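This is start09.cif. It holds mmCIF, N, CA and C atoms.
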```cif
data_my_file
#
loop_
_atom_site.label_atom_id
_atom_site.label_comp_id
_atom_site.auth_asym_id
_atom_site.auth_seq_id
_atom_site.Cartn_x
_atom_site.Cartn_y
_atom_site.Cartn_z
N MET Z 1 29.61 46.69 18.65
CA MET Z 1 29.09 46.85 17.30
C MET Z 1 28.12 45.71 17.01
N ALA Z 2 26.91 46.04 16.62
CA ALA Z 2 25.92 45.04 16.24
C ALA Z 2 26.26 44.52 14.84
N THR Z 3 26.07 43.22 14.65
CA THR Z 3 26.35 42.66 13.33
C THR Z 3 25.19 42.97 12.39
N PRO Z 4 25.48 43.22 11.13
CA PRO Z 4 24.42 43.54 10.16
C PRO Z 4 23.49 42.34 9.97
N THR Z 5 22.22 42.63 9.71
CA THR Z 5 21.24 41.57 9.50
C THR Z 5 20.66 41.60 8.09
N THR Z 6 21.12 42.54 7.26
CA THR Z 6 20.66 42.66 5.88
C THR Z 6 21.84 42.98 4.98
N ALA Z 7 21.63 42.80 3.68
CA ALA Z 7 22.67 43.17 2.71
C ALA Z 7 22.94 44.68 2.80
N GLN Z 8 21.87 45.47 2.96
CA GLN Z 8 22.05 46.92 3.09
C GLN Z 8 22.86 47.26 4.34
N GLY Z 9 22.66 46.51 5.42
CA GLY Z 9 23.44 46.71 6.64
C GLY Z 9 24.92 46.43 6.41
N ILE Z 10 25.22 45.38 5.63
CA ILE Z 10 26.62 45.07 5.29
C ILE Z 10 27.19 46.20 4.45
N TYR Z 11 26.42 46.64 3.46
CA TYR Z 11 26.84 47.77 2.60
C TYR Z 11 27.17 48.98 3.47
N ASP Z 12 26.27 49.35 4.37
CA ASP Z 12 26.47 50.52 5.22
C ASP Z 12 27.72 50.38 6.08
N LEU Z 13 27.94 49.18 6.63
CA LEU Z 13 29.13 48.93 7.46
C LEU Z 13 30.41 49.10 6.64
N LEU Z 14 30.44 48.53 5.43
CA LEU Z 14 31.65 48.57 4.61
C LEU Z 14 31.93 49.97 4.08
N ILE Z 15 30.91 50.67 3.60
CA ILE Z 15 31.14 51.99 3.01
C ILE Z 15 31.52 53.01 4.08
N ALA Z 16 31.12 52.77 5.33
CA ALA Z 16 31.44 53.68 6.42
C ALA Z 16 32.87 53.51 6.92
N ASP Z 17 33.50 52.39 6.55
CA ASP Z 17 34.87 52.14 7.00
C ASP Z 17 35.84 52.98 6.16
N GLN Z 18 36.68 53.76 6.82
CA GLN Z 18 37.58 54.67 6.12
C GLN Z 18 38.59 53.94 5.23
N VAL Z 19 39.09 52.80 5.69
CA VAL Z 19 40.08 52.05 4.90
C VAL Z 19 39.44 51.54 3.61
N ILE Z 20 38.26 50.95 3.73
CA ILE Z 20 37.58 50.41 2.55
C ILE Z 20 37.15 51.54 1.62
N ALA Z 21 36.53 52.58 2.18
CA ALA Z 21 36.06 53.70 1.35
C ALA Z 21 37.20 54.33 0.56
N ALA Z 22 38.38 54.45 1.18
CA ALA Z 22 39.52 55.06 0.49
C ALA Z 22 40.07 54.18 -0.62
N ALA Z 23 39.90 52.86 -0.49
CA ALA Z 23 40.48 51.93 -1.47
C ALA Z 23 39.52 51.57 -2.60
N LEU Z 24 38.23 51.88 -2.43
CA LEU Z 24 37.25 51.51 -3.46
C LEU Z 24 37.52 52.22 -4.77
N GLY Z 25 37.23 51.51 -5.84
CA GLY Z 25 37.27 52.10 -7.16
C GLY Z 25 36.01 52.90 -7.40
N THR Z 26 35.70 53.11 -8.67
CA THR Z 26 34.50 53.89 -9.01
C THR Z 26 33.67 53.18 -10.06
N TYR Z 27 32.38 53.46 -10.02
CA TYR Z 27 31.48 53.12 -11.10
C TYR Z 27 31.31 54.41 -11.90
N THR Z 28 31.63 54.37 -13.17
CA THR Z 28 31.36 55.51 -14.05
C THR Z 28 30.05 55.21 -14.75
N LEU Z 29 29.06 56.06 -14.53
CA LEU Z 29 27.72 55.86 -15.07
C LEU Z 29 27.65 56.30 -16.53
N ALA Z 30 26.68 55.78 -17.23
CA ALA Z 30 26.51 56.10 -18.65
C ALA Z 30 26.39 57.60 -18.88
N GLY Z 31 25.79 58.31 -17.94
CA GLY Z 31 25.62 59.76 -18.07
C GLY Z 31 26.85 60.56 -17.70
N GLY Z 32 27.92 59.88 -17.26
CA GLY Z 32 29.16 60.56 -16.94
C GLY Z 32 29.42 60.74 -15.45
N GLY Z 33 28.42 60.57 -14.61
CA GLY Z 33 28.63 60.68 -13.17
C GLY Z 33 29.40 59.48 -12.64
N SER Z 34 29.78 59.54 -11.36
CA SER Z 34 30.48 58.41 -10.78
C SER Z 34 30.02 58.17 -9.35
N LEU Z 35 30.19 56.93 -8.91
CA LEU Z 35 29.83 56.49 -7.56
C LEU Z 35 30.92 55.55 -7.06
N PRO Z 36 31.03 55.37 -5.73
CA PRO Z 36 31.95 54.36 -5.22
C PRO Z 36 31.55 52.98 -5.76
N ALA Z 37 32.52 52.15 -6.06
CA ALA Z 37 32.28 50.83 -6.67
C ALA Z 37 31.89 49.80 -5.61
N ILE Z 38 30.70 49.97 -5.05
CA ILE Z 38 30.15 49.01 -4.09
C ILE Z 38 28.65 48.93 -4.36
N SER Z 39 28.12 47.69 -4.38
CA SER Z 39 26.71 47.53 -4.71
C SER Z 39 26.13 46.31 -4.02
N VAL Z 40 24.80 46.29 -3.97
CA VAL Z 40 24.03 45.13 -3.52
C VAL Z 40 23.23 44.69 -4.73
N LEU Z 41 23.42 43.45 -5.16
CA LEU Z 41 22.73 42.96 -6.36
C LEU Z 41 22.05 41.63 -6.08
N ALA Z 42 20.84 41.48 -6.60
CA ALA Z 42 20.13 40.21 -6.54
C ALA Z 42 20.75 39.26 -7.56
N LYS Z 43 20.55 37.98 -7.35
CA LYS Z 43 21.07 36.97 -8.28
C LYS Z 43 20.53 37.25 -9.67
N GLY Z 44 21.39 37.32 -10.65
CA GLY Z 44 20.99 37.57 -12.02
C GLY Z 44 20.83 39.04 -12.37
N ALA Z 45 20.91 39.93 -11.37
CA ALA Z 45 20.80 41.36 -11.64
C ALA Z 45 22.16 41.89 -12.09
N SER Z 46 22.15 43.06 -12.68
CA SER Z 46 23.40 43.69 -13.09
C SER Z 46 23.31 45.19 -12.86
N LEU Z 47 24.44 45.83 -12.97
CA LEU Z 47 24.49 47.28 -12.84
C LEU Z 47 23.75 47.91 -14.01
N PRO Z 48 23.33 49.15 -13.88
CA PRO Z 48 22.65 49.82 -15.00
C PRO Z 48 23.50 49.79 -16.27
N SER Z 49 22.84 49.67 -17.39
CA SER Z 49 23.51 49.61 -18.69
C SER Z 49 24.44 50.80 -18.86
N GLY Z 50 25.64 50.53 -19.34
CA GLY Z 50 26.60 51.59 -19.58
C GLY Z 50 27.50 51.91 -18.39
N THR Z 51 27.26 51.27 -17.24
CA THR Z 51 28.09 51.50 -16.06
C THR Z 51 29.40 50.74 -16.20
N VAL Z 52 30.51 51.41 -15.93
CA VAL Z 52 31.83 50.80 -16.05
C VAL Z 52 32.51 50.84 -14.68
N ALA Z 53 33.01 49.67 -14.24
CA ALA Z 53 33.72 49.57 -12.97
C ALA Z 53 35.21 49.76 -13.21
N ASN Z 54 35.87 50.41 -12.25
CA ASN Z 54 37.31 50.62 -12.31
C ASN Z 54 37.85 50.50 -10.90
N GLY Z 55 39.02 49.88 -10.75
CA GLY Z 55 39.63 49.73 -9.42
C GLY Z 55 39.00 48.58 -8.65
N ILE Z 56 38.97 48.70 -7.33
CA ILE Z 56 38.42 47.65 -6.47
C ILE Z 56 36.90 47.82 -6.40
N GLU Z 57 36.18 46.73 -6.70
CA GLU Z 57 34.72 46.73 -6.65
C GLU Z 57 34.27 45.70 -5.62
N ILE Z 58 33.22 46.04 -4.85
CA ILE Z 58 32.61 45.12 -3.90
C ILE Z 58 31.15 44.95 -4.29
N THR Z 59 30.72 43.68 -4.42
CA THR Z 59 29.32 43.37 -4.69
C THR Z 59 28.83 42.42 -3.61
N ILE Z 60 27.70 42.77 -2.99
CA ILE Z 60 27.10 41.99 -1.91
C ILE Z 60 25.83 41.33 -2.44
N THR Z 61 25.65 40.03 -2.16
CA THR Z 61 24.42 39.37 -2.58
C THR Z 61 23.25 39.97 -1.81
N ALA Z 62 22.15 40.23 -2.51
CA ALA Z 62 21.00 40.88 -1.89
C ALA Z 62 20.30 39.99 -0.86
N LEU Z 63 20.19 38.72 -1.16
CA LEU Z 63 19.53 37.79 -0.25
C LEU Z 63 20.51 36.72 0.22
N PRO Z 64 20.48 36.41 1.51
CA PRO Z 64 21.39 35.38 2.02
C PRO Z 64 20.82 33.98 1.82
N GLY Z 65 21.70 33.00 1.97
CA GLY Z 65 21.25 31.62 2.10
C GLY Z 65 21.01 31.38 3.59
N TYR Z 66 20.31 30.31 3.93
CA TYR Z 66 20.00 30.02 5.34
C TYR Z 66 20.32 28.58 5.67
N ALA Z 67 20.70 28.35 6.94
CA ALA Z 67 20.91 27.01 7.48
C ALA Z 67 20.30 27.02 8.89
N PRO Z 68 18.96 26.97 8.99
CA PRO Z 68 18.28 27.10 10.28
C PRO Z 68 18.72 26.05 11.29
N GLN Z 69 18.75 26.47 12.55
CA GLN Z 69 19.14 25.59 13.64
C GLN Z 69 18.19 25.88 14.81
N LEU Z 70 17.45 24.86 15.25
CA LEU Z 70 16.53 25.03 16.37
C LEU Z 70 17.31 25.17 17.66
N LEU Z 71 16.86 26.10 18.50
CA LEU Z 71 17.47 26.30 19.81
C LEU Z 71 16.58 25.66 20.87
N LEU Z 72 17.06 25.54 22.11
CA LEU Z 72 16.27 24.94 23.18
C LEU Z 72 15.09 25.82 23.55
N SER Z 73 15.17 27.10 23.26
CA SER Z 73 14.07 28.02 23.51
C SER Z 73 13.07 27.92 22.36
N ASP Z 74 12.15 28.83 22.29
CA ASP Z 74 11.19 28.87 21.18
C ASP Z 74 11.74 29.70 20.03
N GLU Z 75 13.01 29.59 19.77
CA GLU Z 75 13.65 30.39 18.74
C GLU Z 75 14.41 29.51 17.76
N THR Z 76 14.67 30.08 16.60
CA THR Z 76 15.48 29.41 15.59
C THR Z 76 16.62 30.32 15.21
N LEU Z 77 17.82 29.78 15.25
CA LEU Z 77 19.00 30.51 14.77
C LEU Z 77 19.01 30.32 13.26
N THR Z 78 18.80 31.40 12.51
CA THR Z 78 18.62 31.26 11.05
C THR Z 78 19.92 31.14 10.27
N ASN Z 79 21.02 31.61 10.82
CA ASN Z 79 22.32 31.52 10.15
C ASN Z 79 22.30 32.07 8.73
N PRO Z 80 21.84 33.32 8.52
CA PRO Z 80 21.87 33.87 7.16
C PRO Z 80 23.32 34.02 6.69
N THR Z 81 23.58 33.59 5.47
CA THR Z 81 24.94 33.62 4.92
C THR Z 81 24.96 34.41 3.62
N TRP Z 82 25.80 35.45 3.62
CA TRP Z 82 25.96 36.30 2.43
C TRP Z 82 27.28 35.99 1.74
N ARG Z 83 27.31 36.25 0.45
CA ARG Z 83 28.55 36.20 -0.32
C ARG Z 83 28.87 37.63 -0.75
N ILE Z 84 30.12 37.98 -0.56
CA ILE Z 84 30.60 39.32 -0.88
C ILE Z 84 31.75 39.13 -1.87
N TYR Z 85 31.60 39.72 -3.04
CA TYR Z 85 32.59 39.56 -4.10
C TYR Z 85 33.46 40.80 -4.19
N LEU Z 86 34.77 40.61 -4.18
CA LEU Z 86 35.72 41.69 -4.39
C LEU Z 86 36.40 41.44 -5.72
N LEU Z 87 36.36 42.43 -6.59
CA LEU Z 87 36.99 42.32 -7.90
C LEU Z 87 37.97 43.45 -8.09
N ALA Z 88 39.09 43.13 -8.69
CA ALA Z 88 40.09 44.15 -9.04
C ALA Z 88 40.02 44.37 -10.54
N TRP Z 89 39.59 45.54 -10.94
CA TRP Z 89 39.48 45.90 -12.36
C TRP Z 89 40.72 46.67 -12.77
N GLY Z 90 41.51 46.09 -13.66
CA GLY Z 90 42.65 46.80 -14.23
C GLY Z 90 43.91 46.80 -13.41
N GLN Z 91 43.77 46.87 -12.09
CA GLN Z 91 44.96 46.86 -11.22
C GLN Z 91 44.59 46.28 -9.86
N LEU Z 92 45.55 45.65 -9.19
CA LEU Z 92 45.27 45.04 -7.90
C LEU Z 92 45.02 46.09 -6.82
N GLY Z 93 45.73 47.19 -6.87
CA GLY Z 93 45.54 48.22 -5.85
C GLY Z 93 45.65 47.64 -4.46
N ALA Z 94 44.70 47.94 -3.62
CA ALA Z 94 44.70 47.51 -2.22
C ALA Z 94 43.81 46.29 -2.01
N MET Z 95 43.76 45.39 -2.99
CA MET Z 95 42.87 44.22 -2.92
C MET Z 95 43.08 43.41 -1.63
N GLN Z 96 44.33 43.12 -1.28
CA GLN Z 96 44.59 42.33 -0.08
C GLN Z 96 44.15 43.10 1.15
N GLN Z 97 44.44 44.38 1.22
CA GLN Z 97 44.07 45.20 2.37
C GLN Z 97 42.54 45.26 2.52
N VAL Z 98 41.82 45.43 1.43
CA VAL Z 98 40.36 45.50 1.49
C VAL Z 98 39.79 44.15 1.92
N THR Z 99 40.32 43.07 1.38
CA THR Z 99 39.86 41.73 1.76
C THR Z 99 40.04 41.52 3.26
N GLU Z 100 41.22 41.84 3.77
CA GLU Z 100 41.50 41.67 5.19
C GLU Z 100 40.60 42.55 6.05
N ARG Z 101 40.31 43.75 5.57
CA ARG Z 101 39.46 44.69 6.34
C ARG Z 101 38.02 44.19 6.38
N VAL Z 102 37.49 43.70 5.25
CA VAL Z 102 36.12 43.17 5.24
C VAL Z 102 36.03 42.00 6.22
N ILE Z 103 37.00 41.10 6.19
CA ILE Z 103 37.01 39.96 7.09
C ILE Z 103 37.07 40.42 8.55
N ALA Z 104 37.84 41.45 8.83
CA ALA Z 104 37.95 41.97 10.20
C ALA Z 104 36.63 42.57 10.68
N LEU Z 105 35.87 43.18 9.78
CA LEU Z 105 34.60 43.82 10.15
C LEU Z 105 33.45 42.84 10.30
N LEU Z 106 33.58 41.65 9.71
CA LEU Z 106 32.52 40.65 9.76
C LEU Z 106 33.06 39.39 10.45
N PRO Z 107 32.93 39.32 11.77
CA PRO Z 107 33.51 38.20 12.53
C PRO Z 107 33.09 36.84 11.99
N GLY Z 108 34.08 35.98 11.77
CA GLY Z 108 33.82 34.64 11.26
C GLY Z 108 33.81 34.54 9.75
N ALA Z 109 33.98 35.66 9.05
CA ALA Z 109 33.99 35.64 7.59
C ALA Z 109 35.21 34.85 7.09
N THR Z 110 35.02 34.21 5.95
CA THR Z 110 36.13 33.49 5.33
C THR Z 110 36.22 33.92 3.87
N SER Z 111 37.39 33.76 3.29
CA SER Z 111 37.56 34.14 1.89
C SER Z 111 38.12 32.97 1.09
N SER Z 112 37.83 33.02 -0.19
CA SER Z 112 38.40 32.03 -1.11
C SER Z 112 38.59 32.72 -2.45
N MET Z 113 39.45 32.14 -3.23
CA MET Z 113 39.69 32.65 -4.57
C MET Z 113 39.20 31.59 -5.55
N PRO Z 114 38.34 31.97 -6.49
CA PRO Z 114 37.85 30.98 -7.46
C PRO Z 114 39.02 30.34 -8.20
N ARG Z 115 38.89 29.04 -8.44
CA ARG Z 115 39.96 28.32 -9.14
C ARG Z 115 39.96 28.62 -10.63
N ALA Z 116 38.81 28.96 -11.16
CA ALA Z 116 38.72 29.27 -12.60
C ALA Z 116 39.12 30.71 -12.83
N ASP Z 117 39.25 31.07 -14.08
CA ASP Z 117 39.54 32.46 -14.41
C ASP Z 117 38.40 33.33 -13.91
N PRO Z 118 38.71 34.54 -13.47
CA PRO Z 118 37.65 35.41 -12.98
C PRO Z 118 36.64 35.72 -14.06
N PRO Z 119 35.34 35.85 -13.67
CA PRO Z 119 34.38 36.27 -14.67
C PRO Z 119 34.76 37.63 -15.18
N GLY Z 120 34.65 37.84 -16.43
CA GLY Z 120 35.02 39.14 -16.98
C GLY Z 120 36.47 39.20 -17.42
N GLU Z 121 37.19 38.06 -17.29
CA GLU Z 121 38.57 38.08 -17.77
C GLU Z 121 38.54 38.44 -19.25
N GLY Z 122 39.44 39.27 -19.64
CA GLY Z 122 39.43 39.80 -20.99
C GLY Z 122 38.69 41.13 -21.03
N LEU Z 123 37.90 41.38 -19.98
CA LEU Z 123 37.19 42.66 -19.86
C LEU Z 123 37.91 43.58 -18.87
N GLY Z 124 38.93 43.05 -18.20
CA GLY Z 124 39.69 43.87 -17.28
C GLY Z 124 39.76 43.36 -15.85
N VAL Z 125 39.02 42.29 -15.49
CA VAL Z 125 39.11 41.74 -14.13
C VAL Z 125 40.41 40.98 -14.03
N ILE Z 126 41.27 41.37 -13.07
CA ILE Z 126 42.53 40.66 -12.94
C ILE Z 126 42.60 39.79 -11.70
N GLU Z 127 41.67 40.00 -10.76
CA GLU Z 127 41.64 39.17 -9.56
C GLU Z 127 40.27 39.24 -8.94
N GLN Z 128 39.87 38.15 -8.26
CA GLN Z 128 38.59 38.11 -7.58
C GLN Z 128 38.74 37.33 -6.29
N THR Z 129 38.09 37.79 -5.25
CA THR Z 129 38.01 37.10 -3.97
C THR Z 129 36.54 37.00 -3.59
N VAL Z 130 36.15 35.85 -3.06
CA VAL Z 130 34.78 35.67 -2.58
C VAL Z 130 34.84 35.53 -1.07
N ILE Z 131 34.12 36.40 -0.37
CA ILE Z 131 34.04 36.34 1.09
C ILE Z 131 32.67 35.80 1.45
N THR Z 132 32.65 34.81 2.33
CA THR Z 132 31.40 34.24 2.81
C THR Z 132 31.27 34.59 4.29
N TRP Z 133 30.10 35.14 4.64
CA TRP Z 133 29.89 35.53 6.04
C TRP Z 133 28.52 35.09 6.52
N THR Z 134 28.52 34.41 7.67
CA THR Z 134 27.29 34.00 8.32
C THR Z 134 27.08 34.85 9.55
N ASN Z 135 25.90 35.46 9.67
CA ASN Z 135 25.58 36.24 10.86
C ASN Z 135 25.27 35.26 11.99
N PRO Z 136 26.11 35.24 13.03
CA PRO Z 136 25.93 34.26 14.10
C PRO Z 136 24.87 34.68 15.12
N CYS Z 137 24.19 35.79 14.91
CA CYS Z 137 23.27 36.31 15.92
C CYS Z 137 21.84 36.45 15.44
N ALA Z 138 21.50 36.04 14.23
CA ALA Z 138 20.15 36.23 13.70
C ALA Z 138 19.23 35.13 14.22
N VAL Z 139 18.29 35.53 15.08
CA VAL Z 139 17.38 34.58 15.73
C VAL Z 139 15.94 35.04 15.48
N VAL Z 140 15.04 34.09 15.20
CA VAL Z 140 13.62 34.40 15.07
C VAL Z 140 12.82 33.47 15.98
N ASN Z 141 11.64 33.90 16.36
CA ASN Z 141 10.76 33.04 17.16
C ASN Z 141 10.23 31.91 16.29
N ALA Z 142 10.27 30.70 16.82
CA ALA Z 142 9.81 29.53 16.05
C ALA Z 142 8.29 29.44 16.06
#
```

Could you render the structure from this file as structure tokens?
Amino acid sequence: MATPTTAQGIYDLLIADQVIAAALGTYTLAGGGSLPAISVLAKGASLPSGTVANGIEITITALPGYAPQLLLSDETLTNPTWRIYLLAWGQLGAMQQVTERVIALLPGATSSMPRADPPGEGLGVIEQTVITWTNPCAVVNA
């Protein structure tokens, strides 16, 4: 399995996994439709107005951070690092199972739980996990 090199690649990998897909909550759209509760968002972006999350939600940062490392060849190991947020809206459900599955699908991923109250507390977020993953294979010519 090739490791994803973009946020969309991470999205595609996670949504294609049967365990994750079955455990995801839903986004209920303002117009009444619904979608699986997984998204790619840029810093400062938000879901469309009127969208309500329920159950387990996954949000992937659109752009990674980088920690470039020069190799002996004419290449640079870019070390793109994404943050993947898992939120439990209203109920924990399969939060632990989804966290473990995401980590299993992204080799070297680590998770942490914010020490502060989750963002959205009082709005229904009862738990949050942050997964950090660095793609160990992203190389560009220097």

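Between atom N of Pro107 of chain Z and atom C of Gly65 of chain Z there is a distance of 16.5 Å.
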
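Rounded to one decimal, atom CA of Ile131 of chain Z and atom N of Val52 of chain Z lie 23.0 Å from each other.
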
- Determine which residues of chain Z receive a DSSP assignment of strand (DSSP E), computed from the backbone, and state them as a VMD selection string. chain Z and resid 26 to 28 34 to 36 38 to 41 52 to 61 69 to 70 75 to 77 81 to 89 110 to 112 125 to 134 139 to 141

- Any chance you could work out the residue set of the PyMOL selection byres ((chain Z and resi 30) around 6) here, as a ChimeraX atom specification? /Z:28-29,31-33,49-52

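Computed from the coordinates, the atom N of Asn135 of chain Z to atom CA of Gly25 of chain Z distance equals 26.3 Å.
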
- Task: Return as an MDAnalysis selection string the set of residues that the PyMOL selection byres ((chain Z and resi 17-21) around 8) yields on the displayed structure.
- Result: chainID Z and resid 11:16 22:25 36 97:99 101:102

Return as lines of an AutoDock Vina configuration file the box centre and box size in Å, one decimal, for an axis-aligned box around all listed atoms of segment 106-111 of chain Z padded by 3 Å per side.
```
center_x = 35.3
center_y = 37.3
center_z = 6.8
size_x = 11.6
size_y = 14.7
size_z = 17.4
```

- Counting only C-alpha atoms, note down every residue that has an atom within 6 Å of the point (29.1, 45.3, -1.9) (file coordinates), as a PyMOL selection string. chain Z and resi 11+38-40+58-60

Expected residue set, 7 Å radius at (43.9, 50.1, -5.4), all atoms listed in the file, as a PDB file with N, CA and C atoms, in the coordinates of the input:
```
ATOM      1  N   ALA Z  23      39.900  52.860  -0.490  1.00  0.00           N
ATOM      2  CA  ALA Z  23      40.480  51.930  -1.470  1.00  0.00           C
ATOM      3  C   ALA Z  23      39.520  51.570  -2.600  1.00  0.00           C
ATOM      4  N   LEU Z  24      38.230  51.880  -2.430  1.00  0.00           N
ATOM      5  CA  LEU Z  24      37.250  51.510  -3.460  1.00  0.00           C
ATOM      6  C   LEU Z  24      37.520  52.220  -4.770  1.00  0.00           C
ATOM      7  N   GLY Z  25      37.230  51.510  -5.840  1.00  0.00           N
ATOM      8  CA  GLY Z  25      37.270  52.100  -7.160  1.00  0.00           C
ATOM      9  C   GLY Z  25      36.010  52.900  -7.400  1.00  0.00           C
ATOM     10  N   GLY Z  55      39.020  49.880 -10.750  1.00  0.00           N
ATOM     11  CA  GLY Z  55      39.630  49.730  -9.420  1.00  0.00           C
ATOM     12  C   GLY Z  55      39.000  48.580  -8.650  1.00  0.00           C
ATOM     13  N   ILE Z  56      38.970  48.700  -7.330  1.00  0.00           N
ATOM     14  CA  ILE Z  56      38.420  47.650  -6.470  1.00  0.00           C
ATOM     15  C   ILE Z  56      36.900  47.820  -6.400  1.00  0.00           C
ATOM     16  N   GLN Z  91      43.770  46.870 -12.090  1.00  0.00           N
ATOM     17  CA  GLN Z  91      44.960  46.860 -11.220  1.00  0.00           C
ATOM     18  C   GLN Z  91      44.590  46.280  -9.860  1.00  0.00           C
ATOM     19  N   LEU Z  92      45.550  45.650  -9.190  1.00  0.00           N
ATOM     20  CA  LEU Z  92      45.270  45.040  -7.900  1.00  0.00           C
ATOM     21  C   LEU Z  92      45.020  46.090  -6.820  1.00  0.00           C
ATOM     22  N   GLY Z  93      45.730  47.190  -6.870  1.00  0.00           N
ATOM     23  CA  GLY Z  93      45.540  48.220  -5.850  1.00  0.00           C
ATOM     24  C   GLY Z  93      45.650  47.640  -4.460  1.00  0.00           C
ATOM     25  N   ALA Z  94      44.700  47.940  -3.620  1.00  0.00           N
ATOM     26  CA  ALA Z  94      44.700  47.510  -2.220  1.00  0.00           C
ATOM     27  C   ALA Z  94      43.810  46.290  -2.010  1.00  0.00           C
ATOM     28  N   MET Z  95      43.760  45.390  -2.990  1.00  0.00           N
ATOM     29  CA  MET Z  95      42.870  44.220  -2.920  1.00  0.00           C
ATOM     30  C   MET Z  95      43.080  43.410  -1.630  1.00  0.00           C
TER      31      MET Z  95
END
```

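Taking the backbone of this structure through DSSP, the residues of chain Z that come out as alpha helix (DSSP H) are Ala7, Gln8, Gly9, Ile10, Tyr11, Asp12, Leu13, Leu14, Ile15, Ala16, Gln18, Val19, Ile20, Ala21, Ala22, Ala23, Met95, Gln96, Gln97, Val98, Thr99, Glu100, Arg101, Val102, Ile103, Ala104 and Leu105 of chain Z.
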
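Each of Z:Gln96, Z:Thr132, Z:Arg83, Z:Tyr66 was checked against Ser111 of chain Z using only N, CA and C atoms; the smallest atom-to-atom distance is that of Z:Thr132.
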
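Across Z:Ala37, Z:Ala67, Z:Ala104, Z:Ala109, the tightest approach to Ala53 of chain Z is made by Z:Ala37 when counting all atoms listed in the file.
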
Evaluated on this file, the PyMOL selection byres (((chain Z and resi 126 and name CA) around 6) and name CA) picks out some residues - which ones are they, written as a short mmCIF file (atom, residue, chain, number, x, y, z; two decimals) with N, CA and C atoms, keeping the file's coordinate frame?
```
data_model
loop_
_atom_site.label_atom_id
_atom_site.label_comp_id
_atom_site.auth_asym_id
_atom_site.auth_seq_id
_atom_site.Cartn_x
_atom_site.Cartn_y
_atom_site.Cartn_z
N ALA Z 88 39.09 43.13 -8.69
CA ALA Z 88 40.09 44.15 -9.04
C ALA Z 88 40.02 44.37 -10.54
N VAL Z 125 39.02 42.29 -15.49
CA VAL Z 125 39.11 41.74 -14.13
C VAL Z 125 40.41 40.98 -14.03
N GLU Z 127 41.67 40.00 -10.76
CA GLU Z 127 41.64 39.17 -9.56
C GLU Z 127 40.27 39.24 -8.94
#
```

- Using only C-alpha atoms, the shortest atom-to-atom distance to Thr5 of chain Z among Z:Asn54, Z:Ser112, Z:Thr81, Z:Ser46 belongs to Z:Thr81

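Take the candidates Z:Pro80, Z:Met113, Z:Trp89, Z:Ala62 and check each one against Thr26 of chain Z using only C-alpha atoms; the shortest distance goes to Z:Trp89.
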
- Show which residues sit within 12 Å of Pro114 of chain Z, as a ChimeraX atom specification. Count only C-alpha atoms, and ignore same-chain residues fewer than 4 positions away. /Z:85-87,118-119,127-131
